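Just input-v3.cif here, mmCIF, C-alpha atoms:
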data_entry
loop_
_atom_site.label_atom_id
_atom_site.label_comp_id
_atom_site.auth_asym_id
_atom_site.auth_seq_id
_atom_site.Cartn_x
_atom_site.Cartn_y
_atom_site.Cartn_z
CA MET A 1 -1.59 -8.55 -14.00
CA ASN A 2 -4.77 -6.81 -12.88
CA ALA A 3 -4.96 -4.10 -10.21
CA PHE A 4 -5.63 -6.53 -7.35
CA GLU A 5 -2.86 -8.88 -8.43
CA ARG A 6 -0.52 -5.90 -8.46
CA GLN A 7 -1.52 -5.10 -4.87
CA VAL A 8 -0.89 -8.70 -3.86
CA ARG A 9 2.49 -8.66 -5.58
CA ALA A 10 3.44 -5.42 -3.82
CA SER A 11 2.41 -6.85 -0.43
CA ILE A 12 4.50 -9.96 -1.02
CA TYR A 13 7.59 -7.91 -1.82
CA ALA A 14 7.00 -5.51 1.09
CA SER A 15 6.84 -8.47 3.46
CA LEU A 16 10.00 -10.01 2.09
CA ARG A 17 11.75 -6.64 2.18
CA ASP A 18 10.66 -5.74 5.71
CA ARG A 19 10.23 -9.11 7.44
CA SER A 20 12.40 -11.41 5.28
CA THR A 21 9.47 -13.78 4.98
CA PRO A 22 6.55 -14.01 2.57
CA PRO A 23 3.00 -13.40 3.77
CA SER A 24 0.44 -16.19 4.13
CA VAL A 25 -2.87 -16.18 2.30
CA ARG A 26 -4.55 -15.09 5.52
CA GLU A 27 -2.08 -12.24 6.08
CA LEU A 28 -2.62 -11.02 2.53
CA SER A 29 -6.37 -11.31 2.98
CA ASP A 30 -6.22 -9.21 6.16
CA ALA A 31 -3.80 -6.65 4.75
CA LEU A 32 -5.77 -6.12 1.57
CA SER A 33 -9.29 -6.49 3.02
CA ALA A 34 -9.98 -9.21 0.49
CA THR A 35 -11.32 -12.72 0.74
CA GLU A 36 -8.88 -15.60 0.99
CA ASP A 37 -10.41 -16.97 -2.23
CA ALA A 38 -9.53 -13.75 -4.03
CA VAL A 39 -5.98 -13.84 -2.68
CA SER A 40 -5.60 -17.51 -3.61
CA SER A 41 -6.78 -16.80 -7.14
CA ALA A 42 -4.41 -13.82 -7.46
CA LEU A 43 -1.46 -15.89 -6.24
CA ARG A 44 -2.17 -18.54 -8.86
CA SER A 45 -2.43 -15.91 -11.58
CA LEU A 46 0.85 -14.31 -10.50
CA ALA A 47 2.50 -17.73 -10.54
CA ALA A 48 1.11 -18.47 -14.00
CA GLU A 49 2.67 -15.20 -15.18
CA HIS A 50 6.01 -16.14 -13.57
CA CYS A 51 5.81 -13.16 -11.22
CA ILE A 52 6.16 -15.53 -8.25
CA VAL A 53 6.64 -19.27 -7.73
CA LEU A 54 4.39 -21.22 -5.38
CA VAL A 55 5.46 -24.18 -3.27
CA PRO A 56 4.36 -27.21 -5.31
CA GLY A 57 1.65 -29.53 -4.09
CA ILE A 58 -0.10 -27.11 -1.75
CA PRO A 59 -3.92 -27.19 -1.98
CA ILE A 60 -5.91 -24.27 -3.32
CA GLY A 61 -6.52 -21.74 -0.57
CA LYS A 62 -3.36 -22.67 1.32
CA GLU A 63 -0.79 -21.42 -1.20
CA ALA A 64 2.71 -20.72 0.05
CA ILE A 65 5.24 -18.55 -1.75
CA TRP A 66 8.44 -20.34 -2.71
CA MET A 67 10.08 -17.61 -4.76
CA ALA A 68 9.53 -13.93 -5.40
CA HIS A 69 12.79 -13.27 -7.16
CA PRO A 70 15.37 -12.49 -5.92
CA PHE A 71 13.94 -13.63 -2.56
CA SER A 72 13.25 -17.17 -1.48
CA GLY A 73 10.30 -17.81 0.79
CA ILE A 74 11.94 -20.95 2.13
CA GLU A 75 15.34 -21.63 3.66
CA THR A 76 18.09 -22.21 1.12
CA ASP A 77 21.86 -22.51 1.02
CA PHE A 78 22.11 -18.90 -0.17
CA VAL A 79 22.06 -16.76 2.97
CA VAL A 80 22.27 -12.99 2.57
CA ARG A 81 23.12 -10.68 5.45
CA SER A 82 23.04 -6.89 5.25
CA GLY A 83 22.42 -4.15 7.80
CA GLY A 84 21.69 -6.61 10.59
CA ARG A 85 19.06 -8.36 8.46
CA GLN A 86 19.02 -11.77 6.80
CA TRP A 87 17.28 -13.13 3.72
CA PHE A 88 17.33 -16.39 1.81
CA ALA A 89 17.98 -16.21 -1.92
CA ASN A 90 17.21 -18.71 -4.66
CA CYS A 91 20.73 -18.89 -6.06
CA VAL A 92 24.01 -16.99 -6.15
CA TRP A 93 22.71 -14.52 -8.71
CA ASP A 94 19.71 -13.71 -6.54
CA GLY A 95 21.86 -13.49 -3.41
CA LEU A 96 24.17 -10.96 -4.99
CA SER A 97 21.13 -9.14 -6.35
CA ILE A 98 19.64 -8.76 -2.87
CA LEU A 99 22.90 -7.13 -1.83
CA ALA A 100 22.65 -4.87 -4.88
CA LEU A 101 19.22 -3.82 -3.61
CA PHE A 102 20.06 -3.34 0.06
CA GLY A 103 23.73 -2.45 0.21
CA ASP A 104 26.91 -3.86 1.69
CA GLY A 105 26.78 -7.31 3.18
CA SER A 106 27.60 -10.95 2.63
CA LEU A 107 26.33 -14.00 0.81
CA ASP A 108 27.12 -17.40 2.28
CA THR A 109 26.75 -20.64 0.37
CA HIS A 110 28.59 -23.93 -0.16
CA SER A 111 30.34 -25.51 -3.11
CA PRO A 112 28.21 -28.33 -4.54
CA ALA A 113 31.47 -30.09 -5.41
CA THR A 114 33.07 -30.22 -1.97
CA GLY A 115 30.59 -28.77 0.48
CA ALA A 116 33.18 -26.15 1.41
CA PRO A 117 31.76 -22.83 2.57
CA ILE A 118 32.01 -19.91 0.15
CA ARG A 119 31.41 -16.32 1.17
CA PHE A 120 31.09 -13.32 -1.09
CA GLU A 121 31.23 -9.94 0.57
CA VAL A 122 30.03 -6.74 -1.08
CA SER A 123 31.50 -3.42 -0.08
CA ALA A 124 30.73 -0.20 -1.95
CA GLY A 125 29.68 -2.14 -5.01
CA ALA A 126 32.76 -4.36 -5.12
CA VAL A 127 32.40 -8.12 -4.63
CA HIS A 128 35.15 -9.82 -2.66
CA GLY A 129 35.68 -13.51 -2.07
CA ALA A 130 37.35 -16.51 -3.65
CA GLY A 131 34.95 -18.19 -6.00
CA ILE A 132 33.20 -18.19 -9.34
CA VAL A 133 29.61 -18.85 -10.37
CA HIS A 134 28.36 -21.55 -12.72
CA PHE A 135 25.08 -21.34 -14.64
CA LEU A 136 23.97 -24.82 -15.63
CA VAL A 137 20.78 -23.91 -17.50
CA PRO A 138 20.81 -21.70 -20.62
CA ALA A 139 18.91 -18.41 -20.33
CA ARG A 140 16.11 -19.43 -22.72
CA CYS A 141 15.34 -22.42 -20.42
CA PHE A 142 15.42 -20.62 -17.05
CA TRP A 143 11.68 -21.10 -16.53
CA ASP A 144 11.42 -24.67 -17.87
CA ASP A 145 12.07 -25.89 -14.32
CA ILE A 146 12.75 -22.86 -12.16
CA GLY A 147 13.57 -24.90 -9.07
CA TYR A 148 16.33 -26.72 -10.96
CA THR A 149 17.54 -23.48 -12.53
CA MET B 1 23.35 -20.89 -10.22
CA THR B 2 25.88 -22.17 -7.74
CA ALA B 3 29.29 -21.07 -6.51
CA PHE B 4 32.53 -23.01 -6.74
CA ARG B 5 36.05 -22.33 -5.62
CA SER B 6 37.47 -22.58 -9.12
CA GLU B 7 36.63 -23.49 -12.71
CA GLY B 8 38.50 -26.77 -12.18
CA GLU B 9 36.13 -27.57 -9.35
CA VAL B 10 33.19 -26.84 -11.66
CA ARG B 11 34.52 -29.23 -14.29
CA SER B 12 35.12 -32.01 -11.73
CA TRP B 13 31.61 -31.63 -10.38
CA LEU B 14 30.07 -31.63 -13.87
CA ALA B 15 32.00 -34.78 -14.83
CA ALA B 16 31.02 -36.54 -11.62
CA ASN B 17 27.36 -35.78 -12.29
CA GLY B 18 27.31 -36.35 -16.06
CA LEU B 19 26.49 -32.72 -16.77
CA ALA B 20 27.72 -30.32 -19.44
CA LEU B 21 29.45 -27.02 -18.80
CA GLY B 22 27.05 -24.09 -18.88
CA ALA B 23 28.52 -20.64 -18.27
CA VAL B 24 31.13 -19.56 -15.72
CA ILE B 25 30.83 -15.99 -14.50
CA GLU B 26 32.73 -13.75 -12.15
CA PRO B 27 30.64 -12.74 -9.11
CA GLN B 28 31.28 -9.06 -9.80
CA THR B 29 29.64 -9.40 -13.22
CA LEU B 30 26.69 -11.19 -11.69
CA TYR B 31 26.30 -8.54 -8.99
CA GLU B 32 26.23 -5.80 -11.61
CA LEU B 33 23.78 -7.75 -13.77
CA GLY B 34 21.60 -8.32 -10.71
CA ALA B 35 21.63 -4.63 -9.86
CA ALA B 36 20.21 -3.86 -13.30
CA TRP B 37 17.92 -6.90 -13.53
CA TYR B 38 16.20 -6.29 -10.20
CA ALA B 39 16.47 -2.48 -10.06
CA THR B 40 12.70 -1.93 -10.22
CA ARG B 41 11.48 -5.30 -8.86
CA LEU B 42 10.25 -3.85 -5.57
CA ASP B 43 8.40 -0.99 -7.25
CA PHE B 44 4.59 -1.12 -7.16
CA ASP B 45 4.35 -0.51 -10.88
CA TRP B 46 7.10 -2.95 -11.87
CA GLN B 47 6.87 -4.21 -15.41
CA ARG B 48 8.65 -7.30 -16.64
CA ALA B 49 11.47 -6.58 -19.08
CA SER B 50 10.72 -7.64 -22.62
CA ALA B 51 12.85 -10.36 -24.19
CA ALA B 52 14.68 -7.67 -26.15
CA GLU B 53 15.33 -5.63 -23.00
CA ALA B 54 16.55 -8.72 -21.15
CA ALA B 55 18.83 -9.67 -24.02
CA ALA B 56 20.23 -6.12 -24.08
CA MET B 57 20.91 -6.35 -20.34
CA PHE B 58 22.86 -9.58 -20.80
CA GLU B 59 24.82 -8.02 -23.64
CA ARG B 60 25.67 -4.88 -21.65
CA HIS B 61 27.31 -7.14 -19.07
CA GLY B 62 29.26 -9.10 -21.64
CA LEU B 63 26.99 -12.14 -21.54
CA THR B 64 26.67 -13.01 -25.20
CA GLY B 65 26.47 -16.15 -27.34
CA PRO B 66 24.01 -19.04 -27.58
CA PHE B 67 23.92 -19.69 -23.81
CA TRP B 68 22.47 -16.23 -23.21
CA SER B 69 20.15 -16.19 -26.20
CA LEU B 70 16.48 -15.82 -25.33
CA GLY B 71 15.25 -16.67 -28.83
#
Write-out of the structure in structure tokens:
Amino acid sequence: MNAFERQVRASIYASLRDRSTPPSVRELSDALSATEDAVSSALRSLAAEHCIVLVPGIPIGKEAIWMAHPFSGIETDFVVRSGGRQWFANCVWDGLSILALFGDGSLDTHSPATGAPIRFEVSAGAVHGAGIVHFLVPARCFWDDIGYT
Amino acid sequence: MTAFRSEGEVRSWLAANGLALGAVIEPQTLYELGAAWYATRLDFDWQRASAAEAAAMFERHGLTGPFWSLG
């Protein structure tokens, strides 16, 4: 990760932290006083290094951020609420991790088996709620297909 | 990583979809792992954990065995 890529990465995380949404190429270009080509190139490098995940199939220059772990740049079934704010996470692990970053709150999702709602609530570092978590993909294969993971 | 009401529900879902059991974890464990895993993620100078550091993090939270191996 070069110095500019690090700035891009920091801007992505600041946006997700403060606005709950990832920045566009144009927003990054404006914020960093850089060309959109430079931003596009940096996003692709960061994705190649598994620092972020881009939405598949988007043309060069129009990149959109799918994941900047633990945040999701798109709506998911893992909805985190804390301090009057809301974020989407990529999975249960990431949802609980966002709460670890920001404090007490809740994670809402649904059982893939029944569709029943499941809520985990975090208070003072303790997780409450009826449910367990299943990891389907072994750790060494997490990045083989990160969307599936 | 998805949430289920119970381990029995996990097994029913796996059977219905022709999938094998992976690892079942308590949410508290996952929260504590997440706190460590992402502790510096928002820092400007964040550095990715090495494989050895990641493996040690899993181990500190009781996640051991072939499923959690990074080798």
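With all atoms listed in the file as the atoms that count, the residue of A:Ala47, A:Val55, A:Gln7, A:Leu101 with the shortest distance to Ser33 of chain A is A:Gln7.
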request  = Give as a count of residues only every residue of chain A that touches chain B within 9 Å, counting all atoms listed in the file.
outcome  = 50
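For the pair atom CA of Phe71 of chain A and atom CA of Leu63 of chain B, the separation is 23.1 Å.
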task = Please write the residues picked by the PyMOL selection byres ((chain A and resi 24) around 8) on this file as a ChimeraX atom specification.
result = /A:22-23,25-28,63-65
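Atom to atom, atom CA of Asp30 of chain A and atom CA of Gly61 of chain A stand 14.2 Å apart.
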message = Using Å and a single decimal, report how far atom CA of Ser123 of chain A sits from atom CA of Gly103 of chain A.
response = 7.8 Å
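Among the candidate residues A:Phe88, A:Val79, A:Val8, A:Asp144, the one lying nearest to Ile52 of chain A is A:Val8, with distances computed using only C-alpha atoms.
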Assuming the input is short of atoms at segment 15-44 of chain A, produce N, CA and C atoms for that part as a PDB file, in the coordinates of the input.
ATOM      1  N   SER A  15       6.610  -7.538   2.354  1.00  0.00           N
ATOM      2  CA  SER A  15       6.840  -8.470   3.460  1.00  0.00           C
ATOM      3  C   SER A  15       8.245  -9.052   3.398  1.00  0.00           C
ATOM      4  N   LEU A  16       8.652  -9.443   2.220  1.00  0.00           N
ATOM      5  CA  LEU A  16      10.000 -10.010   2.090  1.00  0.00           C
ATOM      6  C   LEU A  16      11.068  -8.953   2.376  1.00  0.00           C
ATOM      7  N   ARG A  17      10.801  -7.726   1.942  1.00  0.00           N
ATOM      8  CA  ARG A  17      11.750  -6.640   2.180  1.00  0.00           C
ATOM      9  C   ARG A  17      11.834  -6.328   3.684  1.00  0.00           C
ATOM     10  N   ASP A  18      10.684  -6.248   4.333  1.00  0.00           N
ATOM     11  CA  ASP A  18      10.660  -5.740   5.710  1.00  0.00           C
ATOM     12  C   ASP A  18      10.753  -6.832   6.766  1.00  0.00           C
ATOM     13  N   ARG A  19      10.268  -8.047   6.439  1.00  0.00           N
ATOM     14  CA  ARG A  19      10.230  -9.110   7.440  1.00  0.00           C
ATOM     15  C   ARG A  19      11.067 -10.325   7.051  1.00  0.00           C
ATOM     16  N   SER A  20      11.583 -10.304   5.814  1.00  0.00           N
ATOM     17  CA  SER A  20      12.400 -11.410   5.280  1.00  0.00           C
ATOM     18  C   SER A  20      11.600 -12.686   5.117  1.00  0.00           C
ATOM     19  N   THR A  21      10.307 -12.589   5.144  1.00  0.00           N
ATOM     20  CA  THR A  21       9.470 -13.780   4.980  1.00  0.00           C
ATOM     21  C   THR A  21       8.245 -13.404   4.155  1.00  0.00           C
ATOM     22  N   PRO A  22       7.736 -14.353   3.368  1.00  0.00           N
ATOM     23  CA  PRO A  22       6.550 -14.010   2.570  1.00  0.00           C
ATOM     24  C   PRO A  22       5.283 -14.080   3.411  1.00  0.00           C
ATOM     25  N   PRO A  23       4.258 -13.366   3.007  1.00  0.00           N
ATOM     26  CA  PRO A  23       3.000 -13.400   3.770  1.00  0.00           C
ATOM     27  C   PRO A  23       2.208 -14.666   3.435  1.00  0.00           C
ATOM     28  N   SER A  24       1.357 -15.071   4.375  1.00  0.00           N
ATOM     29  CA  SER A  24       0.440 -16.190   4.130  1.00  0.00           C
ATOM     30  C   SER A  24      -0.797 -15.671   3.399  1.00  0.00           C
ATOM     31  N   VAL A  25      -1.607 -16.578   2.937  1.00  0.00           N
ATOM     32  CA  VAL A  25      -2.870 -16.180   2.300  1.00  0.00           C
ATOM     33  C   VAL A  25      -3.697 -15.360   3.286  1.00  0.00           C
ATOM     34  N   ARG A  26      -3.743 -15.815   4.533  1.00  0.00           N
ATOM     35  CA  ARG A  26      -4.550 -15.090   5.520  1.00  0.00           C
ATOM     36  C   ARG A  26      -3.987 -13.683   5.755  1.00  0.00           C
ATOM     37  N   GLU A  27      -2.681 -13.568   5.861  1.00  0.00           N
ATOM     38  CA  GLU A  27      -2.080 -12.240   6.080  1.00  0.00           C
ATOM     39  C   GLU A  27      -2.375 -11.313   4.902  1.00  0.00           C
ATOM     40  N   LEU A  28      -2.305 -11.843   3.704  1.00  0.00           N
ATOM     41  CA  LEU A  28      -2.620 -11.020   2.530  1.00  0.00           C
ATOM     42  C   LEU A  28      -4.093 -10.625   2.541  1.00  0.00           C
ATOM     43  N   SER A  29      -4.925 -11.572   2.909  1.00  0.00           N
ATOM     44  CA  SER A  29      -6.370 -11.310   2.980  1.00  0.00           C
ATOM     45  C   SER A  29      -6.646 -10.178   3.970  1.00  0.00           C
ATOM     46  N   ASP A  30      -6.024 -10.253   5.146  1.00  0.00           N
ATOM     47  CA  ASP A  30      -6.220  -9.210   6.160  1.00  0.00           C
ATOM     48  C   ASP A  30      -5.674  -7.868   5.695  1.00  0.00           C
ATOM     49  N   ALA A  31      -4.463  -7.902   5.132  1.00  0.00           N
ATOM     50  CA  ALA A  31      -3.800  -6.650   4.750  1.00  0.00           C
ATOM     51  C   ALA A  31      -4.531  -5.932   3.637  1.00  0.00           C
ATOM     52  N   LEU A  32      -5.146  -6.713   2.745  1.00  0.00           N
ATOM     53  CA  LEU A  32      -5.770  -6.120   1.570  1.00  0.00           C
ATOM     54  C   LEU A  32      -7.300  -6.064   1.670  1.00  0.00           C
ATOM     55  N   SER A  33      -7.825  -6.457   2.827  1.00  0.00           N
ATOM     56  CA  SER A  33      -9.290  -6.490   3.020  1.00  0.00           C
ATOM     57  C   SER A  33      -9.963  -7.235   1.872  1.00  0.00           C
ATOM     58  N   ALA A  34      -9.437  -8.397   1.581  1.00  0.00           N
ATOM     59  CA  ALA A  34      -9.980  -9.210   0.490  1.00  0.00           C
ATOM     60  C   ALA A  34     -10.249 -10.618   1.023  1.00  0.00           C
ATOM     61  N   THR A  35     -11.064 -11.354   0.308  1.00  0.00           N
ATOM     62  CA  THR A  35     -11.320 -12.720   0.740  1.00  0.00           C
ATOM     63  C   THR A  35     -10.092 -13.593   0.478  1.00  0.00           C
ATOM     64  N   GLU A  36      -9.994 -14.679   1.231  1.00  0.00           N
ATOM     65  CA  GLU A  36      -8.880 -15.600   0.990  1.00  0.00           C
ATOM     66  C   GLU A  36      -9.010 -16.241  -0.392  1.00  0.00           C
ATOM     67  N   ASP A  37     -10.221 -16.429  -0.870  1.00  0.00           N
ATOM     68  CA  ASP A  37     -10.410 -16.970  -2.230  1.00  0.00           C
ATOM     69  C   ASP A  37      -9.826 -16.023  -3.270  1.00  0.00           C
ATOM     70  N   ALA A  38     -10.055 -14.730  -3.077  1.00  0.00           N
ATOM     71  CA  ALA A  38      -9.530 -13.750  -4.030  1.00  0.00           C
ATOM     72  C   ALA A  38      -8.004 -13.735  -4.002  1.00  0.00           C
ATOM     73  N   VAL A  39      -7.443 -13.814  -2.806  1.00  0.00           N
ATOM     74  CA  VAL A  39      -5.980 -13.840  -2.680  1.00  0.00           C
ATOM     75  C   VAL A  39      -5.422 -15.106  -3.328  1.00  0.00           C
ATOM     76  N   SER A  40      -6.047 -16.239  -3.052  1.00  0.00           N
ATOM     77  CA  SER A  40      -5.600 -17.510  -3.610  1.00  0.00           C
ATOM     78  C   SER A  40      -5.603 -17.450  -5.138  1.00  0.00           C
ATOM     79  N   SER A  41      -6.667 -16.915  -5.683  1.00  0.00           N
ATOM     80  CA  SER A  41      -6.780 -16.800  -7.140  1.00  0.00           C
ATOM     81  C   SER A  41      -5.687 -15.879  -7.698  1.00  0.00           C
ATOM     82  N   ALA A  42      -5.438 -14.767  -7.002  1.00  0.00           N
ATOM     83  CA  ALA A  42      -4.410 -13.820  -7.460  1.00  0.00           C
ATOM     84  C   ALA A  42      -3.023 -14.462  -7.407  1.00  0.00           C
ATOM     85  N   LEU A  43      -2.765 -15.225  -6.350  1.00  0.00           N
ATOM     86  CA  LEU A  43      -1.460 -15.890  -6.240  1.00  0.00           C
ATOM     87  C   LEU A  43      -1.247 -16.851  -7.398  1.00  0.00           C
ATOM     88  N   ARG A  44      -2.301 -17.578  -7.752  1.00  0.00           N
ATOM     89  CA  ARG A  44      -2.170 -18.540  -8.860  1.00  0.00           C
ATOM     90  C   ARG A  44      -1.974 -17.820 -10.191  1.00  0.00           C
TER      91      ARG A  44
END
